[in-house]
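S.K.: Before I ask anything, here is the structure I am working with.
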Amino acid sequence: MATISAQPEWRTSSFTASNGNCVEVALAAVPEISVRDTKDRLGGTTHVSPAAWSAFIMAASTGFFDSSDGN
């Protein structure tokens with residue numbers, strides 16, 4: 001299990017596009033996941049529960065968010 005610290009260790013997906021269109025995630029100081037925009041790291045952070053993050057990852061990995069019209 002990862003160690004939670006006051007200064008989160010931000011991680012970027014290995015699938016990040018070369019144009020930087022991606023998000024970064026980190027464990028926050030409380031049991032939640034922090035998410036921020038790679039291109040605007042000072043623009044704010046969203047916090048979600050580990051259960052919500054897990055559900056999002058599962059849905060994304062199964063194509064739930066894929067657009068049927070290609071957009």
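By order of appearance in the structure tokens: chains A, B, ..., then residues from 1 within every chain, and ligands from 1 in the order shown.
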For Ala51 of chain A, find every residue with an atom within 12 Å (counting only C-alpha atoms), except residues of its own chain fewer than 5 positions away, and show them as a list in words.
M.R.: Pro31, Glu32, Ile33, Phe56, Ile57 and Met58 of chain A
S.K.: Can you write out the residues you just picked, keeping C-alpha atoms, as a compact mmCIF listing (two decimals), in the first residue's frame?
M.R.:
# COMPACT_ATOMS: atom_id res chain seq x y z
CA PRO A 31 -8.27 8.73 2.62
CA GLU A 32 -9.25 10.16 -0.75
CA ILE A 33 -7.86 10.44 -4.23
CA PHE A 56 -14.49 5.36 -12.39
CA ILE A 57 -11.42 3.30 -13.37
CA MET A 58 -13.56 0.19 -13.82
S.K.: What's around segment 22-25 of chain A at 12 Å? Count only C-alpha atoms, leave out sequence neighbours fewer than 2 positions away in its own chain, and write the answer as number ranges by chain.
M.R.: A: 8-20, 27-28, 32-41, 43-48, 50, 53, 57
